[in-house]
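Colleague: Before I ask anything, here is the structure I am working with.
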Amino acid sequence: MGASFSALFIDQDAVSSSSPCLGDLPESCVASIIQHLDPPEICKLAKLNRAFSAASWADFVWESKLPPNYHILVHKILGFVPQNLGKRDIYTRLCRPNTFDGGTKKVWLHKSTGGVCMSISSKGLQITGVDDRRYWNHIPTNESRFHSIAYLRQIWWFEVNGEVEFPFPVGTYSVFFRLQLGRASRGFGRGICDPEQVHGWDIKPVRFQLWTSGDKHSTCECSLSEAGKWFHYHVGDFNVENPNSSTKIKLSMTQIDCTHTKGGLCLDSVVIYPSAFRERLKHKGCLKCTKPCCHMLHSI
């Protein structure tokens, strides 16, 4: 079967003009076949010949890849609904990191799955004491999608809050804080980490909380560890059943035991991915699983 499949991709110029080839397939037939492939595979096959190239632009092929509520997403992200763009162009534009809410949030489609992903920068979060340089500093870095992170030098009361309202497509989503212990910097052309100011995180765990539409509430805890590497700390999950209205979520991260100070923490962002992405983060070794609190509330 492998040999037969490979034969389909023989250089067309090497085949006799009287022999049937892929270029003889009707465009509609090719489009019906490739719509079952992932977007990157479709784009690769588009380079094969004219028939595949033309078929790769068929609207119904990309309609099946776009989220069902893509009209709402386009209006929310771009601020207008483009009239002359084909579905492939719309998919391409939505796959780019699109910035909104004053540059504090970015949203994009995962190129292979079409899943909606979002990132909220540290400047889009409410951080206690962030305007006092004795406690916090904003540091420019290429290790962030927003090219800036918030660095905690030292504080007694650690509290970070955030919220977002967005028309997520139907599905289950996971929320994470992207954090690193140790100040991030660059030296000799590579990223380095200074763990000198890291302290206080091994005494008491950090508490993560998530509130979603429908008054759902979950609480979990995790001790921050392993300086020098960015980790995604899992806050919780939420479900979306109605894609035609915006889902509102609130989240927080706190360590408010004032018997000791804590410091040396880099806060990059909050990220929201389809829950299936958790396995990818785990495979990359950058996922920190939190433990639900024994008094977790399912509704309030």
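Following the order of the structure tokens, first chain is A, next is B, and so on, with residues numbered from 1 inside each chain and ligands from 1 in the order they appear.
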Hey, could you make a per-residue contact list for range 150-217 of chain A against range 246-264 of chain A with 9 Å as the cut-off, showing the nearest pair of atoms and its distance in Å to one decimal, counting only C-alpha atoms, sorted by chain and number, as a tab-separated table?

Modeller:
```
residue	atom	partner	partner_atom	distance
A:Tyr151	CA	A:Gly264	CA	7.1
A:Leu152	CA	A:Gly263	CA	5.5
A:Arg153	CA	A:Gly263	CA	4.9
A:Gln154	CA	A:Gly263	CA	4.1
A:Ile155	CA	A:Thr261	CA	5.4
A:Trp156	CA	A:Thr261	CA	4.5
A:Trp157	CA	A:Ile256	CA	4.7
A:Phe158	CA	A:Gln255	CA	5.1
A:Glu159	CA	A:Thr254	CA	4.4
A:Val160	CA	A:Met253	CA	5.2
A:Asn161	CA	A:Ser252	CA	4.3
A:Gly162	CA	A:Leu251	CA	5.4
A:Glu163	CA	A:Lys250	CA	4.2
A:Val164	CA	A:Ile249	CA	5.6
A:Glu165	CA	A:Lys248	CA	4.2
A:Phe166	CA	A:Ser246	CA	4.7
A:Pro167	CA	A:Ser246	CA	4.0
A:Phe168	CA	A:Thr247	CA	6.7
A:Val175	CA	A:Leu251	CA	8.7
A:Phe177	CA	A:Met253	CA	8.4
A:Gln180	CA	A:Gly264	CA	8.7
A:Leu181	CA	A:Gly264	CA	5.9
A:Gly182	CA	A:Gly264	CA	5.1
A:Arg183	CA	A:Gly264	CA	6.2
A:Asp194	CA	A:Gly264	CA	8.6
A:Pro195	CA	A:Gly264	CA	6.8
A:Glu196	CA	A:Gly264	CA	7.4
A:Gln197	CA	A:Gly264	CA	4.6
A:Val198	CA	A:Gly264	CA	4.0
A:His199	CA	A:Lys262	CA	5.2
A:Gly200	CA	A:Lys262	CA	4.2
A:Trp201	CA	A:Lys262	CA	6.1
A:Ile203	CA	A:His260	CA	8.5
A:Lys204	CA	A:Gln255	CA	7.5
A:Pro205	CA	A:Gln255	CA	7.1
A:Val206	CA	A:Gln255	CA	5.1
A:Arg207	CA	A:Thr254	CA	5.3
A:Phe208	CA	A:Met253	CA	4.6
A:Gln209	CA	A:Ser252	CA	5.2
A:Leu210	CA	A:Leu251	CA	4.5
A:Trp211	CA	A:Lys250	CA	5.0
A:Thr212	CA	A:Ile249	CA	4.3
A:Ser213	CA	A:Lys248	CA	5.5
```

Colleague: Dump N, CA and C atoms for the selected residues as a compact mmCIF listing (two decimals), in the first residue's frame?

Modeller:
```
# COMPACT_ATOMS: atom_id res chain seq x y z
N TYR A 151 8.45 40.78 37.28
CA TYR A 151 9.37 40.08 38.17
C TYR A 151 9.16 40.55 39.61
N LEU A 152 8.90 39.59 40.49
CA LEU A 152 8.69 39.89 41.91
C LEU A 152 10.02 39.80 42.65
N ARG A 153 10.44 40.92 43.23
CA ARG A 153 11.67 40.92 44.03
C ARG A 153 11.40 40.35 45.42
N GLN A 154 10.41 40.93 46.10
CA GLN A 154 10.06 40.47 47.45
C GLN A 154 8.75 41.11 47.87
N ILE A 155 7.90 40.35 48.55
CA ILE A 155 6.63 40.89 49.02
C ILE A 155 6.09 40.01 50.14
N TRP A 156 5.25 40.59 50.98
CA TRP A 156 4.60 39.82 52.04
C TRP A 156 3.27 39.24 51.55
N TRP A 157 2.48 40.11 50.92
CA TRP A 157 1.14 39.73 50.45
C TRP A 157 1.19 39.54 48.94
N PHE A 158 1.14 38.28 48.49
CA PHE A 158 1.23 37.97 47.06
C PHE A 158 -0.16 37.66 46.53
N GLU A 159 -0.62 38.48 45.58
CA GLU A 159 -1.96 38.28 45.03
C GLU A 159 -2.01 38.75 43.58
N VAL A 160 -2.51 37.89 42.70
CA VAL A 160 -2.68 38.20 41.29
C VAL A 160 -4.09 37.80 40.88
N ASN A 161 -4.82 38.72 40.25
CA ASN A 161 -6.18 38.46 39.79
C ASN A 161 -6.30 38.79 38.31
N GLY A 162 -7.21 38.12 37.65
CA GLY A 162 -7.44 38.39 36.24
C GLY A 162 -8.83 37.95 35.83
N GLU A 163 -9.29 38.47 34.71
CA GLU A 163 -10.58 38.04 34.16
C GLU A 163 -10.60 38.29 32.66
N VAL A 164 -11.45 37.53 31.99
CA VAL A 164 -11.61 37.68 30.55
C VAL A 164 -13.01 37.25 30.17
N GLU A 165 -13.55 37.91 29.17
CA GLU A 165 -14.87 37.55 28.63
C GLU A 165 -14.70 37.39 27.12
N PHE A 166 -15.00 36.19 26.63
CA PHE A 166 -14.68 35.89 25.24
C PHE A 166 -15.62 34.81 24.71
N PRO A 167 -15.98 34.89 23.41
CA PRO A 167 -16.87 33.88 22.81
C PRO A 167 -16.13 32.60 22.41
N PHE A 168 -15.69 31.83 23.38
CA PHE A 168 -15.01 30.57 23.09
C PHE A 168 -15.97 29.60 22.38
N VAL A 175 -6.92 26.34 32.05
CA VAL A 175 -6.31 27.63 32.37
C VAL A 175 -5.01 27.39 33.12
N PHE A 177 -1.22 29.40 34.70
CA PHE A 177 -0.29 30.51 34.91
C PHE A 177 1.07 30.06 34.40
N GLN A 180 8.06 31.27 36.29
CA GLN A 180 9.41 30.76 36.45
C GLN A 180 10.01 31.32 37.73
N LEU A 181 10.63 30.45 38.52
CA LEU A 181 11.38 30.89 39.69
C LEU A 181 12.77 31.32 39.24
N GLY A 182 13.21 32.48 39.68
CA GLY A 182 14.51 33.00 39.27
C GLY A 182 14.36 34.06 38.20
N ARG A 183 15.16 35.08 38.31
CA ARG A 183 15.08 36.19 37.34
C ARG A 183 15.66 35.77 36.00
N ASP A 194 18.84 33.74 37.30
CA ASP A 194 19.49 34.08 38.56
C ASP A 194 18.54 33.71 39.70
N PRO A 195 18.85 32.64 40.45
CA PRO A 195 17.95 32.19 41.51
C PRO A 195 18.22 32.85 42.87
N GLU A 196 19.05 33.89 42.88
CA GLU A 196 19.52 34.46 44.15
C GLU A 196 18.38 34.94 45.04
N GLN A 197 17.34 35.57 44.44
CA GLN A 197 16.28 36.15 45.24
C GLN A 197 15.10 35.19 45.47
N VAL A 198 15.20 33.96 44.99
CA VAL A 198 14.11 33.00 45.16
C VAL A 198 14.01 32.57 46.62
N HIS A 199 12.87 32.83 47.24
CA HIS A 199 12.69 32.42 48.64
C HIS A 199 11.20 32.44 49.00
N GLY A 200 10.85 31.67 49.98
CA GLY A 200 9.51 31.72 50.57
C GLY A 200 8.46 30.83 49.94
N TRP A 201 8.75 30.24 48.79
CA TRP A 201 7.72 29.47 48.09
C TRP A 201 7.63 28.03 48.60
N ILE A 203 7.58 27.27 51.82
CA ILE A 203 7.00 27.29 53.17
C ILE A 203 5.50 26.99 53.12
N LYS A 204 4.80 27.67 52.25
CA LYS A 204 3.36 27.45 52.08
C LYS A 204 3.05 27.38 50.58
N PRO A 205 2.09 26.55 50.16
CA PRO A 205 1.75 26.47 48.74
C PRO A 205 1.00 27.71 48.25
N VAL A 206 1.04 27.91 46.96
CA VAL A 206 0.27 28.97 46.31
C VAL A 206 -1.12 28.44 46.03
N ARG A 207 -2.12 29.27 46.23
CA ARG A 207 -3.50 28.87 45.96
C ARG A 207 -3.96 29.45 44.63
N PHE A 208 -4.52 28.60 43.79
CA PHE A 208 -5.09 29.01 42.50
C PHE A 208 -6.61 28.85 42.56
N GLN A 209 -7.31 29.84 42.01
CA GLN A 209 -8.78 29.76 42.00
C GLN A 209 -9.30 30.15 40.62
N LEU A 210 -10.44 29.55 40.26
CA LEU A 210 -11.07 29.80 38.97
C LEU A 210 -12.57 29.89 39.15
N TRP A 211 -13.15 31.00 38.63
CA TRP A 211 -14.59 31.18 38.61
C TRP A 211 -15.02 31.27 37.15
N THR A 212 -16.10 30.61 36.79
CA THR A 212 -16.58 30.66 35.40
C THR A 212 -18.07 30.97 35.37
N SER A 213 -18.57 31.25 34.16
CA SER A 213 -19.99 31.54 33.97
C SER A 213 -20.81 30.39 34.55
```

Colleague: What does the distance between CA of His75 in chain A and CA of Ser121 in chain A come to in Å, to one decimal place?

Modeller: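 Going from CA of His75 in chain A over to CA of Ser121 in chain A, I get 21.7 Å.
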
Colleague: Please tabulate, as a tab-separated table, the residues of range 105-164 of chain A that come within 7 Å of range 84-97 of chain A, each with its closest pair of atoms and the distance in Å to one decimal, counting only C-alpha atoms and ordering rows by chain, then residue number upward.

Modeller:
```
residue	atom	partner	partner_atom	distance
A:Lys106	CA	A:Pro97	CA	5.7
A:Val107	CA	A:Pro97	CA	5.6
A:Trp108	CA	A:Cys95	CA	4.9
A:Leu109	CA	A:Cys95	CA	4.4
A:His110	CA	A:Cys95	CA	6.3
A:Lys111	CA	A:Cys95	CA	6.0
```

Colleague: Please identify which residues in range 14-179 of chain A DSSP calls strand (DSSP E or B) from the backbone, and express them as an MDAnalysis selection string.

Modeller: chainID A and resid 98:100 105:109 116:121 126:127 136:140 148:152 155 158:166 171:179

Colleague: Residues of range 32-111 of chain A classed as helix (DSSP H, G or I) by DSSP on the backbone are to be reported as a ChimeraX atom specification.

Modeller: /A:32-34,39-45,50-55,59-63,70-78,87-95

Colleague: At what distance in Å, to one decimal, does CA of Asn244 in chain A lie from CA of Pro67 in chain A?

Modeller: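 We find that CA of Pro67 in chain A and CA of Asn244 in chain A lie 11.5 Å from each other.
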
Colleague: Which residues are close to Phe231 in chain A, i.e. within 7 Å by only C-alpha atoms, leaving aside same-chain residues fewer than 6 positions away? Reply as a PyMOL selection string.

Modeller: chain A and resi 178-180+286-288

Colleague: Please save all heavy atoms of the selected residues as a PDB file, in the first residue's frame.

Modeller:
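Final output, saved to again_26.pdb:
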```pdb
ATOM      1  N   ARG A 178       1.724  30.891  33.590  1.00  0.00           N
ATOM      2  CA  ARG A 178       3.071  30.582  33.109  1.00  0.00           C
ATOM      3  C   ARG A 178       4.074  31.318  33.992  1.00  0.00           C
ATOM      4  O   ARG A 178       4.161  32.560  33.962  1.00  0.00           O
ATOM      5  CB  ARG A 178       3.229  30.987  31.646  1.00  0.00           C
ATOM      6  CG  ARG A 178       4.575  30.555  31.039  1.00  0.00           C
ATOM      7  CD  ARG A 178       4.600  30.778  29.533  1.00  0.00           C
ATOM      8  NE  ARG A 178       5.843  30.272  28.956  1.00  0.00           N
ATOM      9  CZ  ARG A 178       6.904  31.031  28.669  1.00  0.00           C
ATOM     10  NH1 ARG A 178       6.870  32.332  28.909  1.00  0.00           N
ATOM     11  NH2 ARG A 178       7.990  30.487  28.148  1.00  0.00           N
ATOM     12  N   LEU A 179       4.843  30.544  34.782  1.00  0.00           N
ATOM     13  CA  LEU A 179       5.708  31.106  35.814  1.00  0.00           C
ATOM     14  C   LEU A 179       7.107  30.514  35.744  1.00  0.00           C
ATOM     15  O   LEU A 179       7.303  29.405  35.247  1.00  0.00           O
ATOM     16  CB  LEU A 179       5.131  30.808  37.212  1.00  0.00           C
ATOM     17  CG  LEU A 179       3.658  31.136  37.465  1.00  0.00           C
ATOM     18  CD1 LEU A 179       3.237  30.566  38.803  1.00  0.00           C
ATOM     19  CD2 LEU A 179       3.436  32.647  37.423  1.00  0.00           C
ATOM     20  N   GLN A 180       8.055  31.269  36.288  1.00  0.00           N
ATOM     21  CA  GLN A 180       9.414  30.762  36.447  1.00  0.00           C
ATOM     22  C   GLN A 180      10.013  31.321  37.735  1.00  0.00           C
ATOM     23  O   GLN A 180       9.924  32.520  37.999  1.00  0.00           O
ATOM     24  CB  GLN A 180      10.307  31.165  35.274  1.00  0.00           C
ATOM     25  CG  GLN A 180      11.778  30.763  35.458  1.00  0.00           C
ATOM     26  CD  GLN A 180      12.672  31.174  34.307  1.00  0.00           C
ATOM     27  OE1 GLN A 180      12.808  30.459  33.334  1.00  0.00           O
ATOM     28  NE2 GLN A 180      13.280  32.355  34.413  1.00  0.00           N
ATOM     29  N   CYS A 286       6.768  20.699  30.830  1.00  0.00           N
ATOM     30  CA  CYS A 286       6.579  22.058  31.354  1.00  0.00           C
ATOM     31  C   CYS A 286       5.222  22.234  32.024  1.00  0.00           C
ATOM     32  O   CYS A 286       4.731  23.353  32.142  1.00  0.00           O
ATOM     33  CB  CYS A 286       6.761  23.088  30.242  1.00  0.00           C
ATOM     34  SG  CYS A 286       5.660  22.889  28.841  1.00  0.00           S
ATOM     35  N   LEU A 287       4.612  21.125  32.454  1.00  0.00           N
ATOM     36  CA  LEU A 287       3.311  21.186  33.123  1.00  0.00           C
ATOM     37  C   LEU A 287       3.480  20.886  34.606  1.00  0.00           C
ATOM     38  O   LEU A 287       4.146  19.920  34.989  1.00  0.00           O
ATOM     39  CB  LEU A 287       2.348  20.171  32.504  1.00  0.00           C
ATOM     40  CG  LEU A 287       0.999  20.000  33.207  1.00  0.00           C
ATOM     41  CD1 LEU A 287       0.193  21.294  33.135  1.00  0.00           C
ATOM     42  CD2 LEU A 287       0.210  18.847  32.599  1.00  0.00           C
ATOM     43  N   LYS A 288       2.885  21.730  35.452  1.00  0.00           N
ATOM     44  CA  LYS A 288       2.833  21.489  36.889  1.00  0.00           C
ATOM     45  C   LYS A 288       1.381  21.248  37.274  1.00  0.00           C
ATOM     46  O   LYS A 288       0.525  22.134  37.130  1.00  0.00           O
ATOM     47  CB  LYS A 288       3.382  22.688  37.665  1.00  0.00           C
ATOM     48  CG  LYS A 288       4.891  22.843  37.598  1.00  0.00           C
ATOM     49  CD  LYS A 288       5.588  21.800  38.452  1.00  0.00           C
ATOM     50  CE  LYS A 288       7.085  22.061  38.531  1.00  0.00           C
ATOM     51  NZ  LYS A 288       7.787  21.076  39.378  1.00  0.00           N
TER      52      LYS A 288
END
```
